[in-house]
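Quick notes on the structure that follows.
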Amino acid sequence: MKSASEQLELIRRGTEQIVPMDALVKKLERSIATGKPLRVKYGIDPTGFDVHLGHTVPLRKLRLFQELGHQAVLIIGDYTAMVGDPSGRDESRKGLTREQIEANAQSYLTQIGRIIDVNRAEVVYNGAWFSQFRFSDVLALTSQITVQRMLERDDFTKRIKAGTPIYLSECLYPLMQGRDSVEVRADVELGGSEQLYNLMVGRHLQADAGQEPQVCITMPILKGLDGVKKMGKSLGNYIGVGESADEQFGKTLSIPDTYEIIDETGQKQTRSFMKEWFELLTDRSPAEIAKLVDPVKTHPMEAKKRLAMDIVTTYHGEAAALAARAEFERRFSGRADPTEIPEVAILRSELNDGKIGIVRLLVLLGIASSNKDAKRLLGPTSGVTIGPERTKITEANTLIELTDGLVVRSGSKKVFRVRLTDA
RNA sequence: GGGCAGGUGGCAGAGCGGUCAAUUGCACCAGACUGUAAAUCUGGCGGGGUAACCCUACACAGGUUCAAAUCCUGUCCUGCCCA
């Protein structure tokens, strides 16, 4: 087992806050002395299906704890999901049905298995205790915190200012999450930076229950593909852990290198966005990362390819990562069609004299969502091309001589091969 | 429970009887240029039609009018103030 200071160095890497730090040191030292692993809690609400890289940030930290010999405790928030976490959102979340929660939880565990060792983790549903709660228990829980303290949190302040509703049930959320910590006797709880408040409530409740309070570790929020907003399902700026190697590679290459912020003094500052991803999504050491994101030492493009390789390797292995890189270079640098062009079946009955209108074709291929949409893609700035000669189509009333195997492109990303069928 | 204000496209936010499929900004999509980066420029951003034009949409349901996102009534929802 590694020494406390060695463990601490690894744990600290990429974190935002550890409160209180000295308590963590103490816990680590005691764990080494007694041989008892720390119980590290991480809660997830089964509200959706796709686990994306944003979720992997705390999960990777959880895996680190596992690797250091500690006990991961996964809370599936089936009850908290019915409330909806107010953290970092400007609107309340609708409750989900039990069936949805059940299905989501299973899907989550499968996906999470790509990052942590689920078999070695303790997995518990918080419904296990909340379903047993009596009203008197709820009252006892709600007596633990004042309205003032609840309202002082930033999320609520913002919503009050903006005039968006806050439901009473949402105030229960931090209390429920805190109660989970009491139930599983957590030593450490992980969460995103917006979780700090919720994590602190856990400390409060544990202390009140006569337990040693947990250490709260928050991880920075991972920004999405746009380099601006938090990576999220609803924003469509995410990379899913279940996506193909090519998709993950391509999406990573499309992220901005840097972004600008305005600091307190009103000065514009340029920050490296790639650096953030390296820190939060790869195991590279700070020294390696510094070298990679320095444009003088490493060409930004090469750095980004490394980043993409690292990410793809995590989920698909090194061979797939190499292949994805080769495919990317061939396709975009070499301006070639993808190796595997998706085929779309088109009925011969759609043809008239062996021909089809370009608008209809684009809709049938799924490139355009409607005729109007198809027409928008055409016009003088059209990026629609067909066949090996990449004939550019600009007129909406063009008739295409449609043959089996014809390749139709819209830009370089949407490429399809026509497969003519009879039935 | 009472008073006041308000609900418009993904968001913000104009419009307040016809000229409104709805100004503008952001976001988003496509193209040029690139490193599928940034910056910049161009075009687009409800559906059908080659087009003229038609349909559906401004919380919901009715009504007034030749004509409603715009006026009236009711319902639902939200905020603020009072209780």
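By convention here, the chains of the structure tokens are called A, B, ... in the order presented, each chain's residues are numbered starting at 1, and ligands are numbered starting at 1 in the order presented.
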Within 12 Å of chain A: each chain B residue with its shortest pair, only C-alpha atoms (C1' of nucleotides), as a tab-separated table:
residue	atom	partner	partner_atom	distance
B:G6	C1'	A:Gly163	CA	11.3
B:G10	C1'	A:Leu235	CA	9.4
B:C11	C1'	A:Leu235	CA	11.7
B:A27	C1'	A:Leu235	CA	10.0
B:C28	C1'	A:Leu235	CA	10.6
B:C29	C1'	A:Leu377	CA	9.0
B:A30	C1'	A:Leu377	CA	6.0
B:G31	C1'	A:Thr381	CA	4.7
B:A32	C1'	A:Thr381	CA	8.6
B:U34	C1'	A:Ser333	CA	11.2
B:G35	C1'	A:Met301	CA	5.6
B:U36	C1'	A:Ser254	CA	5.5
B:A37	C1'	A:Pro256	CA	4.7
B:A38	C1'	A:Pro256	CA	6.8
B:A39	C1'	A:Pro256	CA	11.8
B:U42	C1'	A:Thr381	CA	8.2
B:G43	C1'	A:Thr381	CA	6.9
B:G44	C1'	A:Arg376	CA	6.3
B:C45	C1'	A:Arg376	CA	9.3
B:G46	C1'	A:Lys372	CA	9.8
B:G47	C1'	A:Lys372	CA	8.0
B:G48	C1'	A:Asn371	CA	8.5
B:G49	C1'	A:Asn371	CA	10.0
B:U50	C1'	A:Asn397	CA	7.2
B:C77	C1'	A:Pro165	CA	11.0
B:U78	C1'	A:Pro165	CA	7.5
B:G79	C1'	A:Gly163	CA	5.8
B:C80	C1'	A:Gly163	CA	9.4
For G7 of chain B, the nearest of the candidates B:C53, B:C81, B:A59, B:A69, counting only C-alpha atoms (C1' of nucleotides): B:A59
Could you give me, as a ChimeraX atom specification, the residues within 7 Å of Asn198 of chain A, counting only C-alpha atoms (C1' of nucleotides) and dropping anything in the same chain fewer than 6 positions from it? /A:174,177-178
Please provide the set of residues having any atom within 8 Å of Val188 of chain A, restricted to only C-alpha atoms (C1' of nucleotides), with same-chain residues fewer than 4 positions apart removed, written as a PyMOL selection string. chain A and resi 38-41+214-217
For Ile341 of chain A, find every residue with an atom within 7 Å (counting only C-alpha atoms (C1' of nucleotides)), except residues of its own chain fewer than 2 positions away, and show them as a VMD selection string. chain A and resid 338 to 339 343 415 to 417
Would you list, as a PyMOL selection string, the residues of segment 64-293 of chain A that end up in strand (DSSP E or B) under DSSP run on this structure's backbone? chain A and resi 71-76+122-125+188-192+215-219+223+230+240+258-262+268-272
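What separates atom CA of Asn237 of chain A from atom CA of Leu222 of chain A is a distance of 11.0 Å.
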For Lys291 of chain A, please output as a ChimeraX atom specification all residues within 12 Å (counting only C-alpha atoms (C1' of nucleotides); exclusion window: fewer than 5 positions along the same chain). /A:274-275,278,284-286,296-300,302-303
Write out the residues from the selection above, keeping C-alpha atoms, as a CSV table (one decimal), in the first residue's frame.
chain,number,residue,atom,x,y,z
A,274,MET,CA,-7.0,21.0,-23.9
A,275,LYS,CA,-5.1,21.2,-20.6
A,278,PHE,CA,-5.9,16.3,-20.2
A,284,ARG,CA,-0.9,11.9,-17.5
A,285,SER,CA,1.3,13.6,-15.0
A,286,PRO,CA,1.3,17.4,-14.6
A,296,VAL,CA,6.3,25.6,-28.7
A,297,LYS,CA,7.0,22.1,-27.5
A,298,THR,CA,4.1,20.3,-29.1
A,299,HIS,CA,2.1,21.2,-32.2
A,300,PRO,CA,-1.5,21.8,-30.9
A,302,GLU,CA,-0.5,16.7,-32.3
A,303,ALA,CA,-1.4,17.4,-28.7
